[in-house]
Structures are given as C-alpha cells and as structure tokens.
Amino acid sequence: MEEAWYLEEAPAPDEEILAQARARQDNLTKPKGALGRLEEVAIQLAGNQATLTPSISKPAIVVFAGDHGVAAEGVSAYPQSVTGEMVRNFSAGGAAITVLARNFDIPFRVFNMGTVDSLEELPNVEDRRVAPGTQNICNAPAMDARQLEDCMTAGKEAVESAGDIDLFIGGEMGIGNSTIAAAIAVAHTKLAAQAMVGRGTGITDQGLAKKSAVVTRALSKHLPHMRNGIDYLQRIGGFEVNALAAAYIRAAQKGIAVLVDGYICTAAAMAAVKVNPSIRPWLFFSHCSAEPGHEKLLNKLDAKPLLSLEMRLGEGSGAALALPILQSACVLHRDMASFDEAGVSRSD
Ligand SMILES: O=C(O)c1ccc[n+]([C@@H]2O[C@H](COP(=O)([O-])O)[C@@H](O)[C@H]2O)c1
Ligand SMILES: Cc1cc2nc[nH]c2cc1C
C-alpha cells in the first residue's frame, strides 16, 4: 500500500549551514550570545532554509474553525454559537487576528471545518465543512476515519493553496477546544488532567473541576485504543485541530517554517509531531499562553516560546505578534557587521 502523504519525511536541517550560522553569530559585533533567543531562531532558520541569509518575507495565516461535541458537557464559558459567529467576524475583519493580519499585511483566510450553525457563503472563508461538529469525546471517538481524512486533506490544501510562502501561521476557533487540547496534552504527557485543564474562555472554579473530570473520563475511554498518532487525532481531536496538525505537517514537508500559536495550536503541533516526528525542526513557538497546561506541553516538545503576554485568545493572534521577532532575528543575522568588518576589538 502507498504510504500516506502525512508520513513522508520533512527535509532535515543542513548541518553544515547550521555550524556556519552559529560561527557567524559569534563573529557579529555583540558580546557572544547577547542576542539571546534571536540567535537560536536565526541559526535554526538558516539550517532549515539551507542558507546563511535566512529570511521570512512571505507569511500567510489560515484560521481553522470547528465545533466540538464535548461542549455539551458545559466546559466553556460561551455558547457554541460563538464559533460560527466568530467566523463571520473574521470575514468582516473585526476579530483580533484580522486586525493584526491587516496591521502586518499578512494574507488571511479562514477554513470553516464545520460549525453547529450553518453559515452563508462569506468572503475569505473556505467551506470545508466535515460535519456540524465532532462527537462528544466522553462518549465516542471525536470523528470517524473518513472525517479525519477530510481534515487532513483540508490542512494539506490550506498550505498548498497559500502560494509561494516562507512562513505558515495557523489559528483556531472552536468553543470547547481547550478541553480537547487538555485531553491531547494529558494523553501525550501522561500528566494529571488537573495539571492540563485551564479556564479556557473563562470558566469558574466549579467549571474547572468539571472540565478535569470530563478529560479524565474521555481518556479512560480512549487511551486503551490509541496505538499511533492517527488514533490520537481521530479519538480525541477536533476538525480544526486535526486540519491544523495536517497543515503543520504539510508546511514542514514543503520546507515552510511554522509559527505555532497558543495552547490549542501547540496541542495540534504535539499531535502532528507524534504522527510525523521529522517536522519538529520546522516548528517555532510564538508564545506561552495563560492556560497553565501550555508551559508543560511546550516542555514536552522541548519548545521555548518567544513571548509571554498572558494571552489566551487563540486565532493565531500570538503567532502574528511574534512574526516581527522572527523577521528581526533574520535581518540581524544577515546585516550586522562582523568584528573584522567594523574594526571592533574581540574579547580578551
Ligand atoms: O490559544 C490559547 O492559548 C487559548 C486558550 C484559551 C482559549 N482559547 C480560545 O478560546 C476557545 C476555547 O475555549 P473554551 O473555553 O471554549 O474551551 C477557542 O476558540 C480558542 O481559540 C485559546
Ligand atoms: C468572543 C470569542 C472570541 C474568540 N476567539 C477565539 N476564541 C474565542 C472565544 C470567544 C468567546
């Protein structure tokens, strides 16, 4: 049988260029290491792009939206109708991510993966509805194999239809998806549900206890049946979460860097790495969200986020904010003078 597209390896970083980029950073007119994490970012991008002048000049944002059966457990502070309503808001340009996309001049599209409310045709929104929402993971796998395949195809095509890009920013919108992210995080880290659930859109203490119980219940049902990354996606994923995971995989395979957003996007990235570990060097992590599980999940991925702004919005908003940092890391690496060029003395 032919290997599924999502298992094909992503290009590995060029070790020779990585070494040369490291040496270049140490030759630039600054104390060794003084650009901190910007140095690591520039070196990693150089290795990925196999050039000593890495650049990020053609980013694109795709926000995936979808509803979740688990919302029936009362795990969100907002009604499910908000998912579809926010898709309209994305289309009209009034959401945070659309404001940021305009501000930074980043092409922006929405993939509607399936909401409980059926939506009219909207500008900038691609209709990829799989179903009006997933199954409640407390009772059943989130989706069947056919629906998972549709999600994977949508994610792949979101990247392929973005044109000539060098950075993919994925966003998500889905009431209830911080419960799905917590379930994914627990499944991958084996930490307790209490460590991985957070307030999401702003639930109460009582809601938080219920959310932990929901995650525990769902995992006791599904964990015995999860053997590989695809099982994880199908049983405890979401339409938008799985499309994101597929988009991350496709971007990496095409040599496009990925800027991962908050908790839900990081859960999608974790799931994607489980399916295809070769994509890991292509993932950059924008920020650490206010959801307490995010930091633990980032640790599991050995990921260091660039920003910590106590954000918990999703939509790709943290990633959009981190874009100028990636770009700054690249221009500093390219344009700073070396000690020899500038006639500056080295350390003794
Ligand atoms: O990105 C994050 O870190 C993040 C943290 C908490 C909530 N969200 C957003 O809020 C929604 C999920 O929250 P909830 O309470 O409905 O599970 C979903 O639309 C996410 O985009 C996003
Ligand atoms: C209003 C609103 C906007 C969002 N954007 C991402 N998740 C969201 C959740 C809510 C409730």
# chains A, B, ... in the order shown; residues from 1 in each chain; ligands from 1
$ select_by_dssp --residues "region 9-119 of chain A" --states "alpha helix (DSSP H)" --output "ChimeraX atom specification"
/A:15-27,36-49,81-92,96-104
$ residues_near_ligand --ligand "ligand 2" --cutoff "8 Å" --atoms "only C-alpha atoms and all ligand atoms" --output "JSON, numbers by chain"
{"A": [77, 78, 79, 82, 83, 86, 95, 96, 172, 173, 174, 175, 201, 313, 314, 315]}
$ write_last_selection --atoms "C-alpha atoms" --output "PDB file, in the first residue's frame"
ATOM      1  CA  ALA A  77     -17.940  29.950  29.375  1.00  0.00           C
ATOM      2  CA  TYR A  78     -19.525  30.742  25.983  1.00  0.00           C
ATOM      3  CA  PRO A  79     -22.271  29.172  23.866  1.00  0.00           C
ATOM      4  CA  VAL A  82     -19.882  31.779  19.080  1.00  0.00           C
ATOM      5  CA  THR A  83     -17.736  29.597  16.792  1.00  0.00           C
ATOM      6  CA  MET A  86     -16.683  34.491  15.068  1.00  0.00           C
ATOM      7  CA  ALA A  95     -11.587  39.947  15.122  1.00  0.00           C
ATOM      8  CA  ALA A  96      -8.196  40.394  16.816  1.00  0.00           C
ATOM      9  CA  GLU A 172      -8.039  28.087  15.505  1.00  0.00           C
ATOM     10  CA  MET A 173     -11.524  28.981  16.660  1.00  0.00           C
ATOM     11  CA  GLY A 174     -13.751  26.432  18.369  1.00  0.00           C
ATOM     12  CA  ILE A 175     -15.813  26.680  21.521  1.00  0.00           C
ATOM     13  CA  THR A 201     -12.677  31.293  27.748  1.00  0.00           C
ATOM     14  CA  LEU A 313      -7.190  34.209  22.764  1.00  0.00           C
ATOM     15  CA  GLY A 314      -6.149  31.723  20.110  1.00  0.00           C
ATOM     16  CA  GLU A 315      -6.991  32.633  16.470  1.00  0.00           C
TER      17      GLU A 315
END
$ residues_near_ligand --ligand "ligand 1" --cutoff "9 Å" --atoms "only C-alpha atoms and all ligand atoms" --output "MDAnalysis selection string"
chainID A and resid 65:66 71 75:80 82:83 86 171:181 198:203 261:266 287:291 294 310:318
$ write_last_selection --atoms "N, CA and C atoms" --output "compact mmCIF listing (two decimals), in the first residue's frame"
# COMPACT_ATOMS: atom_id res chain seq x y z
N ALA A 65 -11.74 26.74 11.78
CA ALA A 65 -12.82 26.83 12.77
C ALA A 65 -13.62 25.54 12.79
N GLY A 66 -14.03 25.12 13.99
CA GLY A 66 -14.85 23.91 14.08
C GLY A 66 -15.49 23.79 15.44
N ALA A 71 -18.59 20.19 24.01
CA ALA A 71 -19.19 21.43 24.56
C ALA A 71 -20.49 21.12 25.30
N VAL A 75 -18.33 22.81 29.33
CA VAL A 75 -16.93 23.06 29.66
C VAL A 75 -16.41 24.41 29.17
N SER A 76 -17.29 25.22 28.57
CA SER A 76 -16.86 26.54 28.10
C SER A 76 -17.71 27.62 28.76
N ALA A 77 -17.17 28.83 28.81
CA ALA A 77 -17.94 29.95 29.38
C ALA A 77 -18.87 30.57 28.33
N TYR A 78 -18.75 30.13 27.07
CA TYR A 78 -19.52 30.74 25.98
C TYR A 78 -20.35 29.70 25.24
N PRO A 79 -21.46 30.12 24.63
CA PRO A 79 -22.27 29.17 23.87
C PRO A 79 -21.58 28.77 22.56
N GLN A 80 -21.94 27.58 22.10
CA GLN A 80 -21.32 27.04 20.89
C GLN A 80 -21.54 27.91 19.66
N VAL A 82 -20.96 30.79 19.25
CA VAL A 82 -19.88 31.78 19.08
C VAL A 82 -18.90 31.35 17.98
N THR A 83 -18.70 30.05 17.81
CA THR A 83 -17.74 29.60 16.79
C THR A 83 -18.14 30.14 15.42
N MET A 86 -18.05 33.96 15.24
CA MET A 86 -16.68 34.49 15.07
C MET A 86 -16.18 34.29 13.64
N GLY A 171 -4.21 29.36 12.86
CA GLY A 171 -5.00 29.79 14.02
C GLY A 171 -6.18 28.85 14.17
N GLU A 172 -6.86 28.93 15.31
CA GLU A 172 -8.04 28.09 15.50
C GLU A 172 -9.13 28.86 16.22
N MET A 173 -10.35 28.43 15.97
CA MET A 173 -11.52 28.98 16.66
C MET A 173 -12.49 27.83 16.86
N GLY A 174 -12.82 27.52 18.12
CA GLY A 174 -13.75 26.43 18.37
C GLY A 174 -14.14 26.36 19.83
N ILE A 175 -15.37 26.74 20.12
CA ILE A 175 -15.81 26.68 21.52
C ILE A 175 -15.67 25.24 22.02
N GLY A 176 -15.02 25.09 23.18
CA GLY A 176 -14.79 23.76 23.76
C GLY A 176 -13.42 23.18 23.42
N ASN A 177 -12.67 23.86 22.54
CA ASN A 177 -11.42 23.20 22.11
C ASN A 177 -10.29 23.26 23.13
N SER A 178 -10.43 24.07 24.19
CA SER A 178 -9.38 23.99 25.22
C SER A 178 -9.53 22.70 26.03
N THR A 179 -10.72 22.09 26.03
CA THR A 179 -10.89 20.77 26.65
C THR A 179 -10.22 19.71 25.78
N ILE A 180 -10.38 19.84 24.48
CA ILE A 180 -9.73 18.90 23.54
C ILE A 180 -8.20 19.03 23.66
N ALA A 181 -7.72 20.28 23.73
CA ALA A 181 -6.27 20.49 23.88
C ALA A 181 -5.77 19.84 25.16
N GLY A 198 -7.44 24.31 32.00
CA GLY A 198 -7.39 25.70 32.45
C GLY A 198 -8.75 26.33 32.22
N ARG A 199 -8.82 27.62 32.40
CA ARG A 199 -10.13 28.27 32.35
C ARG A 199 -10.63 28.54 30.94
N GLY A 200 -9.78 28.30 29.95
CA GLY A 200 -10.24 28.49 28.57
C GLY A 200 -10.79 29.89 28.37
N THR A 201 -12.05 29.98 27.96
CA THR A 201 -12.68 31.29 27.75
C THR A 201 -13.06 31.96 29.07
N GLY A 202 -12.84 31.28 30.21
CA GLY A 202 -13.11 31.93 31.50
C GLY A 202 -14.12 31.22 32.38
N ILE A 203 -13.99 29.90 32.54
CA ILE A 203 -14.93 29.17 33.39
C ILE A 203 -14.60 29.37 34.87
N ASP A 261 0.85 28.94 17.48
CA ASP A 261 0.20 29.92 18.37
C ASP A 261 0.10 29.36 19.79
N GLY A 262 -1.08 29.45 20.41
CA GLY A 262 -1.24 29.15 21.84
C GLY A 262 -1.44 27.69 22.18
N TYR A 263 -2.23 27.46 23.24
CA TYR A 263 -2.37 26.12 23.81
C TYR A 263 -2.97 25.13 22.82
N ILE A 264 -4.02 25.54 22.14
CA ILE A 264 -4.71 24.61 21.24
C ILE A 264 -3.83 24.29 20.04
N CYS A 265 -3.19 25.32 19.50
CA CYS A 265 -2.27 25.09 18.37
C CYS A 265 -1.09 24.22 18.79
N THR A 266 -0.61 24.40 20.02
CA THR A 266 0.51 23.57 20.48
C THR A 266 0.07 22.12 20.65
N HIS A 287 4.43 31.94 21.66
CA HIS A 287 4.22 32.50 23.00
C HIS A 287 3.75 31.43 23.97
N CYS A 288 3.82 31.76 25.25
CA CYS A 288 3.27 30.87 26.28
C CYS A 288 1.96 31.48 26.74
N SER A 289 0.89 30.74 26.58
CA SER A 289 -0.43 31.28 26.89
C SER A 289 -0.70 31.23 28.39
N ALA A 290 -1.79 31.87 28.81
CA ALA A 290 -2.16 31.89 30.23
C ALA A 290 -2.72 30.55 30.69
N GLU A 291 -3.03 29.66 29.75
CA GLU A 291 -3.51 28.33 30.15
C GLU A 291 -2.36 27.59 30.84
N HIS A 294 -0.14 24.97 29.10
CA HIS A 294 0.64 25.27 27.90
C HIS A 294 2.15 25.10 28.14
N GLU A 310 0.57 36.61 28.71
CA GLU A 310 -0.66 36.19 29.41
C GLU A 310 -1.87 36.20 28.48
N MET A 311 -1.63 35.97 27.20
CA MET A 311 -2.74 35.91 26.25
C MET A 311 -3.38 34.53 26.32
N ARG A 312 -4.66 34.47 26.00
CA ARG A 312 -5.36 33.18 25.88
C ARG A 312 -6.50 33.32 24.89
N LEU A 313 -6.16 33.92 23.76
CA LEU A 313 -7.19 34.21 22.76
C LEU A 313 -7.27 33.14 21.69
N GLY A 314 -6.12 32.60 21.28
CA GLY A 314 -6.15 31.72 20.11
C GLY A 314 -6.22 32.54 18.84
N GLU A 315 -6.83 31.98 17.78
CA GLU A 315 -6.99 32.63 16.47
C GLU A 315 -5.68 32.79 15.70
N GLY A 316 -4.55 32.44 16.32
CA GLY A 316 -3.25 32.72 15.70
C GLY A 316 -2.71 34.08 16.13
N SER A 317 -3.37 34.70 17.12
CA SER A 317 -3.01 36.08 17.48
C SER A 317 -1.60 36.20 18.07
N GLY A 318 -1.21 35.26 18.91
CA GLY A 318 0.15 35.31 19.49
C GLY A 318 1.21 35.09 18.42
$ closest_residue --among "A:Ala185, A:Ile137, A:Val344, A:Ile279" --to "Arg217 (chain A)" --atoms "only C-alpha atoms"
A:Ile137
$ residues_around --residues "Ala342 (chain A)" --least-positions-apart "5" --cutoff "12 Å" --atoms "only C-alpha atoms" --output "PyMOL selection string"
chain A and resi 27-30+336-337
$ closest_residue --among "A:Asn299, A:Thr51, A:Ala72, A:Lys274" --to "Met226 (chain A)" --atoms "only C-alpha atoms"
A:Lys274
$ residues_around --residues "Asp302 (chain A)" --least-positions-apart "6" --cutoff "12 Å" --atoms "only C-alpha atoms" --output "list in words"
Thr266, Met270, Val273, Arg280, Pro281, Leu283, Phe284, Phe285, Glu295 and Lys296 of chain A
$ closest_residue --among "A:Gly155, A:Pro141, A:Gly170, A:Gly74" --to "Pro107 (chain A)" --atoms "only C-alpha atoms"
A:Gly170
